[in-house]
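As provided, run08.cif (mmCIF, C-alpha atoms and all ligand atoms) reads as follows.
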```
data_my_file
#
loop_
_atom_site.label_atom_id
_atom_site.label_comp_id
_atom_site.auth_asym_id
_atom_site.auth_seq_id
_atom_site.Cartn_x
_atom_site.Cartn_y
_atom_site.Cartn_z
CA MET A 1 -64.81 48.40 -81.81
CA PRO A 2 -63.64 47.23 -78.38
CA SER A 3 -60.81 49.18 -76.85
CA ARG A 4 -58.29 46.37 -76.42
CA PHE A 5 -56.14 45.22 -79.35
CA THR A 6 -52.95 43.32 -80.14
CA LYS A 7 -50.37 44.72 -82.56
CA MET A 8 -48.71 41.94 -84.59
CA HIS A 9 -46.76 41.56 -87.81
CA GLY A 10 -45.81 38.94 -90.37
CA ILE A 11 -42.41 39.88 -91.84
CA GLY A 12 -43.23 43.56 -91.49
CA ASN A 13 -46.83 43.48 -92.78
CA ASP A 14 -48.46 44.86 -89.62
CA PHE A 15 -51.87 44.28 -88.09
CA VAL A 16 -54.16 45.30 -85.31
CA ILE A 17 -55.95 42.17 -84.11
CA VAL A 18 -59.24 42.55 -82.22
CA ASP A 19 -61.05 39.81 -80.31
CA TRP A 20 -64.73 39.88 -81.28
CA ARG A 21 -65.47 36.29 -80.30
CA GLU A 22 -68.02 37.37 -77.67
CA ASP A 23 -69.57 40.13 -79.79
CA ALA A 24 -72.41 40.21 -82.33
CA PRO A 25 -71.12 40.25 -85.98
CA ARG A 26 -70.34 43.79 -87.11
CA VAL A 27 -68.78 45.70 -89.97
CA PRO A 28 -66.41 48.41 -88.73
CA ASN A 29 -66.89 51.94 -90.01
CA ALA A 30 -64.42 52.54 -92.86
CA GLU A 31 -63.54 56.07 -91.73
CA ARG A 32 -62.84 54.83 -88.20
CA VAL A 33 -60.58 52.05 -89.53
CA ALA A 34 -58.68 54.55 -91.71
CA ALA A 35 -58.25 56.90 -88.73
CA LEU A 36 -56.83 54.10 -86.56
CA ALA A 37 -54.56 52.93 -89.41
CA ASP A 38 -52.96 56.38 -89.73
CA ARG A 39 -49.29 56.06 -88.74
CA HIS A 40 -49.11 59.64 -87.43
CA THR A 41 -52.45 60.18 -85.69
CA GLY A 42 -53.70 56.60 -85.10
CA ILE A 43 -52.19 53.24 -84.09
CA GLY A 44 -50.78 52.54 -87.56
CA PHE A 45 -51.33 49.27 -89.41
CA ASP A 46 -51.65 47.75 -92.87
CA GLN A 47 -54.75 45.72 -91.95
CA LEU A 48 -57.30 45.46 -89.13
CA ILE A 49 -58.15 41.82 -88.41
CA SER A 50 -61.04 40.60 -86.25
CA ILE A 51 -61.34 37.15 -84.69
CA GLU A 52 -64.99 36.08 -84.53
CA PRO A 53 -67.18 33.00 -84.09
CA PRO A 54 -67.33 30.91 -87.30
CA ARG A 55 -70.24 31.18 -89.74
CA ASP A 56 -69.19 27.78 -91.17
CA PRO A 57 -69.57 25.13 -88.42
CA SER A 58 -66.65 23.11 -89.88
CA CYS A 59 -64.29 25.96 -88.89
CA ALA A 60 -63.04 26.86 -85.41
CA PHE A 61 -63.04 30.66 -85.88
CA TYR A 62 -63.77 33.34 -88.49
CA TYR A 63 -61.42 36.25 -89.24
CA GLY A 64 -62.40 39.53 -90.92
CA ILE A 65 -59.91 41.71 -92.85
CA TRP A 66 -59.97 45.47 -93.50
CA ASN A 67 -57.28 47.45 -95.30
CA ALA A 68 -55.76 50.71 -94.04
CA ASP A 69 -58.32 52.70 -96.07
CA GLY A 70 -61.18 50.76 -94.43
CA SER A 71 -62.00 48.58 -97.46
CA PRO A 72 -62.68 44.88 -96.82
CA SER A 73 -60.67 41.99 -98.29
CA GLY A 74 -61.30 38.29 -98.75
CA GLN A 75 -57.91 37.01 -97.64
CA CYS A 76 -54.67 37.96 -95.90
CA GLY A 77 -51.76 35.51 -95.89
CA ASN A 78 -49.57 37.22 -93.31
CA GLY A 79 -52.66 38.02 -91.25
CA VAL A 80 -53.90 34.44 -90.98
CA ARG A 81 -50.51 33.34 -89.58
CA CYS A 82 -50.87 36.08 -86.94
CA VAL A 83 -54.44 34.97 -86.17
CA ALA A 84 -53.19 31.39 -85.65
CA ALA A 85 -50.35 32.57 -83.37
CA TRP A 86 -52.80 34.78 -81.43
CA LEU A 87 -55.25 31.88 -80.94
CA TYR A 88 -52.39 29.61 -79.85
CA ARG A 89 -51.14 32.14 -77.26
CA ASP A 90 -54.74 32.52 -76.04
CA GLY A 91 -54.98 28.74 -75.51
CA ALA A 92 -57.81 28.43 -78.07
CA ILE A 93 -55.86 26.13 -80.44
CA GLU A 94 -52.98 23.67 -80.02
CA ARG A 95 -49.53 23.51 -81.53
CA ASP A 96 -48.64 21.00 -84.29
CA THR A 97 -52.37 20.46 -84.95
CA ASP A 98 -54.35 21.31 -88.10
CA VAL A 99 -57.12 23.87 -87.45
CA ARG A 100 -59.66 25.12 -90.01
CA LEU A 101 -60.19 28.88 -89.91
CA GLU A 102 -62.80 30.72 -91.95
CA SER A 103 -61.80 33.78 -93.97
CA PRO A 104 -64.32 35.95 -95.86
CA SER A 105 -63.40 33.94 -99.00
CA GLY A 106 -63.70 30.51 -97.35
CA PRO A 107 -61.75 28.07 -95.17
CA VAL A 108 -57.99 27.70 -94.83
CA THR A 109 -56.08 25.28 -92.61
CA VAL A 110 -53.39 26.51 -90.21
CA ARG A 111 -50.83 24.66 -88.12
CA VAL A 112 -48.75 26.47 -85.48
CA LEU A 113 -45.17 25.17 -85.51
CA GLY A 114 -42.34 25.99 -83.09
CA GLU A 115 -40.36 29.26 -82.93
CA GLY A 116 -43.25 31.50 -83.94
CA ARG A 117 -43.72 29.87 -87.33
CA VAL A 118 -47.05 28.94 -88.89
CA VAL A 119 -47.83 26.83 -91.95
CA VAL A 120 -51.04 27.53 -93.87
CA ASP A 121 -52.87 25.52 -96.52
CA MET A 122 -54.13 28.50 -98.54
CA GLY A 123 -56.31 26.45 -100.93
CA GLU A 124 -55.87 26.19 -104.68
CA PRO A 125 -54.85 29.32 -106.63
CA ASP A 126 -57.78 30.34 -108.87
CA PHE A 127 -56.85 31.61 -112.34
CA THR A 128 -60.44 32.04 -113.59
CA PRO A 129 -61.31 35.67 -114.54
CA ALA A 130 -64.52 35.61 -112.47
CA ALA A 131 -62.52 34.86 -109.33
CA ILE A 132 -59.98 37.63 -109.81
CA PRO A 133 -62.28 39.40 -111.07
CA LEU A 134 -61.03 40.54 -114.42
CA ASP A 135 -63.02 42.06 -117.26
CA ARG A 136 -61.65 39.79 -120.01
CA PRO A 137 -61.19 36.10 -120.90
CA LEU A 138 -58.48 33.94 -119.38
CA HIS A 139 -54.97 33.90 -120.80
CA ALA A 140 -51.80 33.09 -118.90
CA ILE A 141 -50.53 36.62 -119.41
CA TYR A 142 -52.63 39.72 -119.93
CA THR A 143 -51.46 43.00 -121.39
CA ALA A 144 -53.06 46.34 -120.58
CA PRO A 145 -52.07 49.96 -121.22
CA VAL A 146 -50.88 51.42 -117.92
CA GLY A 147 -49.41 54.92 -117.57
CA GLY A 148 -48.57 55.20 -121.28
CA GLU A 149 -46.99 51.76 -121.76
CA ASP A 150 -48.23 48.21 -122.34
CA VAL A 151 -47.73 46.19 -119.18
CA SER A 152 -47.95 42.39 -119.12
CA PHE A 153 -49.02 40.56 -115.98
CA GLY A 154 -50.32 37.24 -114.72
CA ALA A 155 -53.55 37.31 -112.68
CA VAL A 156 -54.72 34.95 -109.95
CA SER A 157 -57.02 34.91 -106.94
CA MET A 158 -55.81 33.63 -103.57
CA GLY A 159 -59.20 34.57 -102.10
CA ASN A 160 -58.26 38.14 -103.04
CA PRO A 161 -57.17 39.44 -106.46
CA HIS A 162 -53.52 39.67 -107.58
CA ALA A 163 -51.65 40.82 -110.67
CA VAL A 164 -48.03 39.71 -110.98
CA VAL A 165 -45.63 41.68 -113.19
CA PHE A 166 -42.23 40.11 -113.89
CA VAL A 167 -39.36 42.61 -114.02
CA ASP A 168 -35.62 42.22 -114.61
CA ASP A 169 -34.75 44.46 -111.66
CA LEU A 170 -36.94 45.53 -108.74
CA ALA A 171 -34.93 48.77 -108.52
CA ASP A 172 -36.38 49.82 -111.90
CA PRO A 173 -38.17 53.18 -111.28
CA ARG A 174 -41.11 51.86 -113.38
CA VAL A 175 -42.04 49.68 -110.38
CA ASP A 176 -42.76 52.68 -108.13
CA ARG A 177 -44.72 54.37 -110.90
CA LEU A 178 -46.76 51.41 -112.16
CA GLY A 179 -47.78 49.91 -108.77
CA PRO A 180 -50.31 52.57 -107.76
CA LEU A 181 -51.62 52.85 -111.36
CA LEU A 182 -52.23 49.14 -111.87
CA THR A 183 -53.86 48.71 -108.42
CA VAL A 184 -56.79 50.88 -109.54
CA HIS A 185 -56.71 50.02 -113.27
CA PRO A 186 -60.22 49.67 -114.77
CA VAL A 187 -59.35 46.18 -116.07
CA PHE A 188 -59.84 45.09 -112.41
CA PRO A 189 -63.32 46.31 -111.41
CA GLU A 190 -62.67 45.57 -107.70
CA GLY A 191 -59.05 46.79 -107.67
CA VAL A 192 -56.08 44.46 -107.41
CA ASN A 193 -52.97 43.79 -105.35
CA VAL A 194 -49.95 44.24 -107.63
CA GLY A 195 -46.78 42.21 -107.16
CA PHE A 196 -43.54 43.02 -109.00
CA ALA A 197 -41.47 39.85 -109.18
CA GLN A 198 -37.80 39.47 -110.02
CA ARG A 199 -36.93 35.85 -110.73
CA LEU A 200 -33.54 34.96 -109.24
CA GLY A 201 -33.79 31.23 -110.02
CA PRO A 202 -36.36 28.40 -110.07
CA ASN A 203 -36.58 28.43 -106.25
CA HIS A 204 -36.10 32.13 -105.54
CA ILE A 205 -38.25 35.17 -106.32
CA ARG A 206 -37.72 38.70 -105.03
CA LEU A 207 -41.01 40.59 -104.68
CA ARG A 208 -42.50 43.99 -103.86
CA VAL A 209 -46.26 44.41 -103.52
CA HIS A 210 -48.45 47.48 -103.89
CA GLU A 211 -51.55 46.41 -101.97
CA ARG A 212 -55.08 47.39 -102.78
CA GLY A 213 -56.30 49.61 -99.93
CA SER A 214 -52.95 49.79 -98.10
CA GLY A 215 -50.28 50.85 -100.65
CA TRP A 216 -46.70 49.56 -100.61
CA THR A 217 -46.23 47.07 -97.76
CA ARG A 218 -43.09 45.41 -96.41
CA ALA A 219 -44.67 42.05 -97.20
CA CYS A 220 -47.85 40.52 -98.61
CA GLY A 221 -48.51 36.85 -97.87
CA THR A 222 -51.12 36.30 -100.57
CA GLY A 223 -48.88 38.33 -102.90
CA ALA A 224 -46.06 35.84 -102.29
CA CYS A 225 -48.48 32.94 -102.97
CA ALA A 226 -49.69 34.66 -106.16
CA ALA A 227 -46.15 35.32 -107.43
CA ALA A 228 -45.10 31.70 -106.83
CA ALA A 229 -48.32 30.36 -108.43
CA VAL A 230 -48.08 32.54 -111.55
CA ALA A 231 -44.35 31.80 -111.91
CA HIS A 232 -45.03 28.05 -111.59
CA ALA A 233 -47.93 28.21 -114.07
CA LEU A 234 -45.65 29.94 -116.59
CA GLY A 235 -42.84 27.40 -116.07
CA LEU A 236 -40.63 30.02 -114.40
CA ALA A 237 -40.52 28.44 -110.92
CA ALA A 238 -40.24 25.05 -109.26
CA SER A 239 -42.77 23.68 -106.75
CA ILE A 240 -40.98 25.10 -103.73
CA VAL A 241 -40.04 28.78 -103.89
CA ASP A 242 -38.56 31.20 -101.38
CA VAL A 243 -40.25 34.54 -101.92
CA GLU A 244 -38.08 37.34 -100.56
CA LEU A 245 -39.96 40.53 -99.67
CA PRO A 246 -38.56 43.75 -98.16
CA GLY A 247 -39.58 42.55 -94.66
CA GLY A 248 -38.45 38.92 -94.90
CA THR A 249 -38.88 35.62 -96.71
CA LEU A 250 -41.85 33.22 -97.05
CA THR A 251 -41.58 29.69 -98.38
CA ILE A 252 -44.34 28.71 -100.81
CA GLU A 253 -45.05 25.21 -102.06
CA TRP A 254 -47.43 24.47 -104.94
CA GLN A 255 -47.39 21.28 -106.99
CA GLY A 256 -49.64 22.77 -109.70
CA PRO A 257 -53.31 22.54 -110.79
CA GLY A 258 -55.43 20.22 -108.65
CA HIS A 259 -53.26 20.91 -105.57
CA THR A 260 -53.60 23.35 -102.74
CA LEU A 261 -50.81 25.84 -102.06
CA TRP A 262 -48.84 25.98 -98.79
CA MET A 263 -47.24 29.02 -97.19
CA ILE A 264 -44.75 28.88 -94.30
CA GLY A 265 -43.56 31.93 -92.37
CA PRO A 266 -43.36 33.70 -89.03
CA ALA A 267 -45.89 35.61 -86.96
CA ALA A 268 -44.72 38.07 -84.29
CA PHE A 269 -46.31 39.94 -81.37
CA VAL A 270 -45.44 43.64 -81.04
CA PHE A 271 -47.53 45.04 -78.15
CA GLU A 272 -50.95 45.09 -76.49
CA GLY A 273 -52.87 48.35 -76.53
CA GLU A 274 -56.12 50.11 -75.73
CA VAL A 275 -57.86 52.95 -77.56
N1 LIG B 1 -51.31 41.88 -96.64
C1 LIG B 1 -52.19 40.86 -97.00
C2 LIG B 1 -53.28 41.15 -98.00
C3 LIG B 1 -54.30 42.16 -97.43
C4 LIG B 1 -55.52 42.40 -98.29
C5 LIG B 1 -55.24 43.07 -99.63
N2 LIG B 1 -54.70 44.39 -99.49
C6 LIG B 1 -56.53 43.11 -100.46
O1 LIG B 1 -57.20 44.15 -100.53
O2 LIG B 1 -56.91 42.07 -101.01
C7 LIG B 1 -51.52 39.51 -97.16
O3 LIG B 1 -50.54 39.26 -96.41
O4 LIG B 1 -51.97 38.68 -97.92
#
```

Please render this file's structure as structure tokens.
Ligand SMILES: N[C@@H](CCC[C@H](N)C(=O)O)C(=O)O
Amino acid sequence: MPSRFTKMHGIGNDFVIVDWREDAPRVPNAERVAALADRHTGIGFDQLISIEPPRDPSCAFYYGIWNADGSPSGQCGNGVRCVAAWLYRDGAIERDTDVRLESPSGPVTVRVLGEGRVVVDMGEPDFTPAAIPLDRPLHAIYTAPVGGEDVSFGAVSMGNPHAVVFVDDLADPRVDRLGPLLTVHPVFPEGVNVGFAQRLGPNHIRLRVHERGSGWTRACGTGACAAAAVAHALGLAASIVDVELPGGTLTIEWQGPGHTLWMIGPAAFVFEGEV
């Protein structure tokens, strides 16, 4: 990987962004990514994100996503806001203008607003088991034995797989115990990002996410989208929901099936570096 990088974050979910627009397509070595992600002996990040030429000619740029353990992902909600802010600072895209960007799971549309905020059309949440992927037929709520108890969760793909568990209180010690277990549960053959959601009202969810490949993060953009979508599908949330994560709040808007989902939140620069 080239030596120059930009450290960014979206409400505390942190990234190393690398500019591979002039380079031939590549897949970074997983061990190298994990070494750089190490917070003691590397740079430290939740995800590595590359900016590359598009494969789909209808998109302006492609972005690749790798977790802290080096595993690839199809989507990253906080990351795509940072990619948009990075491209805007670089002069490659304009403010207040819709731009199609290509993720590994397909196109999304970003618009850079003022004050470091970015709005993203994340596409339509996909509840089909093949998209998640899940090893069983579709129901609104699944139940699986996890760590000696039956745990119920909603499942949805936002371009990457999510399980959403509703809890009465996020401080419940079960949350810390169940997150890592459900992330690698055999019911999800490709692993899953697990969100624990506490409903505070029809427009307000508090959320913690144990991410596949990165562990507990201060925020997960697709996790916020998934929690809002599952809550809306179950009649627990309105169309516009503030999702409050440990690192900050994202606003999610979804009008229901047949509609795409919108995410609004900040993207921040931390520093430039070289390895
Ligand atoms: N932090 C991200 C999601 C990153 C990928 C995820 N861990 C996966 O493996 O799918 C976000 O903001 O959405």

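Minimum distance to A:Gly159 across A:Asp90, A:Glu31, A:Glu211, A:Glu124 (counting all atoms listed in the file) occurs at A:Glu124.
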
Record the distance separating atom CA of A:Pro133 and atom CA of A:Gly256, expressed in Å with one decimal. 20.9 Å

Taking every listed atom of ligand LIG 1 (chain B) and adding 5 Å to each side, what centre and edge lengths in Å (one decimal) does the axis-aligned box have, as JSON?
```
{"center_x": -53.9, "center_y": 41.5, "center_z": -98.7, "size_x": 16.7, "size_y": 15.7, "size_z": 14.6}
```

One-decimal distance in Å that lies between atom CA of A:Pro246 and atom CA of A:Arg206: 8.6 Å

Using all atoms listed in the file, determine which residues fall within 9 Å of ligand LIG 1 (chain B), then list them as a ChimeraX atom specification. /A:10,13-15,46-47,65-68,71-80,158-162,191-193,209-215,217-225

Just the selected residues (C-alpha atoms), exported as a PDB file, keeping the file's coordinate frame, please.
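As written to disk, result.pdb reads:
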```pdb
ATOM      1  CA  GLY A  10     -45.810  38.940 -90.370  1.00  0.00           C
ATOM      2  CA  ASN A  13     -46.830  43.480 -92.780  1.00  0.00           C
ATOM      3  CA  ASP A  14     -48.460  44.860 -89.620  1.00  0.00           C
ATOM      4  CA  PHE A  15     -51.870  44.280 -88.090  1.00  0.00           C
ATOM      5  CA  ASP A  46     -51.650  47.750 -92.870  1.00  0.00           C
ATOM      6  CA  GLN A  47     -54.750  45.720 -91.950  1.00  0.00           C
ATOM      7  CA  ILE A  65     -59.910  41.710 -92.850  1.00  0.00           C
ATOM      8  CA  TRP A  66     -59.970  45.470 -93.500  1.00  0.00           C
ATOM      9  CA  ASN A  67     -57.280  47.450 -95.300  1.00  0.00           C
ATOM     10  CA  ALA A  68     -55.760  50.710 -94.040  1.00  0.00           C
ATOM     11  CA  SER A  71     -62.000  48.580 -97.460  1.00  0.00           C
ATOM     12  CA  PRO A  72     -62.680  44.880 -96.820  1.00  0.00           C
ATOM     13  CA  SER A  73     -60.670  41.990 -98.290  1.00  0.00           C
ATOM     14  CA  GLY A  74     -61.300  38.290 -98.750  1.00  0.00           C
ATOM     15  CA  GLN A  75     -57.910  37.010 -97.640  1.00  0.00           C
ATOM     16  CA  CYS A  76     -54.670  37.960 -95.900  1.00  0.00           C
ATOM     17  CA  GLY A  77     -51.760  35.510 -95.890  1.00  0.00           C
ATOM     18  CA  ASN A  78     -49.570  37.220 -93.310  1.00  0.00           C
ATOM     19  CA  GLY A  79     -52.660  38.020 -91.250  1.00  0.00           C
ATOM     20  CA  VAL A  80     -53.900  34.440 -90.980  1.00  0.00           C
ATOM     21  CA  MET A 158     -55.810  33.630-103.570  1.00  0.00           C
ATOM     22  CA  GLY A 159     -59.200  34.570-102.100  1.00  0.00           C
ATOM     23  CA  ASN A 160     -58.260  38.140-103.040  1.00  0.00           C
ATOM     24  CA  PRO A 161     -57.170  39.440-106.460  1.00  0.00           C
ATOM     25  CA  HIS A 162     -53.520  39.670-107.580  1.00  0.00           C
ATOM     26  CA  GLY A 191     -59.050  46.790-107.670  1.00  0.00           C
ATOM     27  CA  VAL A 192     -56.080  44.460-107.410  1.00  0.00           C
ATOM     28  CA  ASN A 193     -52.970  43.790-105.350  1.00  0.00           C
ATOM     29  CA  VAL A 209     -46.260  44.410-103.520  1.00  0.00           C
ATOM     30  CA  HIS A 210     -48.450  47.480-103.890  1.00  0.00           C
ATOM     31  CA  GLU A 211     -51.550  46.410-101.970  1.00  0.00           C
ATOM     32  CA  ARG A 212     -55.080  47.390-102.780  1.00  0.00           C
ATOM     33  CA  GLY A 213     -56.300  49.610 -99.930  1.00  0.00           C
ATOM     34  CA  SER A 214     -52.950  49.790 -98.100  1.00  0.00           C
ATOM     35  CA  GLY A 215     -50.280  50.850-100.650  1.00  0.00           C
ATOM     36  CA  THR A 217     -46.230  47.070 -97.760  1.00  0.00           C
ATOM     37  CA  ARG A 218     -43.090  45.410 -96.410  1.00  0.00           C
ATOM     38  CA  ALA A 219     -44.670  42.050 -97.200  1.00  0.00           C
ATOM     39  CA  CYS A 220     -47.850  40.520 -98.610  1.00  0.00           C
ATOM     40  CA  GLY A 221     -48.510  36.850 -97.870  1.00  0.00           C
ATOM     41  CA  THR A 222     -51.120  36.300-100.570  1.00  0.00           C
ATOM     42  CA  GLY A 223     -48.880  38.330-102.900  1.00  0.00           C
ATOM     43  CA  ALA A 224     -46.060  35.840-102.290  1.00  0.00           C
ATOM     44  CA  CYS A 225     -48.480  32.940-102.970  1.00  0.00           C
TER      45      CYS A 225
END
```

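Each of A:Thr128, A:Gln255, A:Ser50, A:Thr143 was compared to A:Val187 using all atoms listed in the file, and A:Thr143 turns out to be the nearest.
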
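Counting all atoms listed in the file, the residue from A:Val108, A:Leu113, A:Val118, A:Ala238 that sits nearest to A:Pro266 is A:Val118.
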
For a test of reading the model, state the distance in Å between atom CA of A:Val175 and atom CA of A:Gly248, rounded to one decimal.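 So the answer is 19.2 Å.
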
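Take the candidates A:Gly201, A:Pro57, A:Gly70, A:Pro180 and check each one against A:Ala35 using all atoms listed in the file; the shortest distance goes to A:Gly70.
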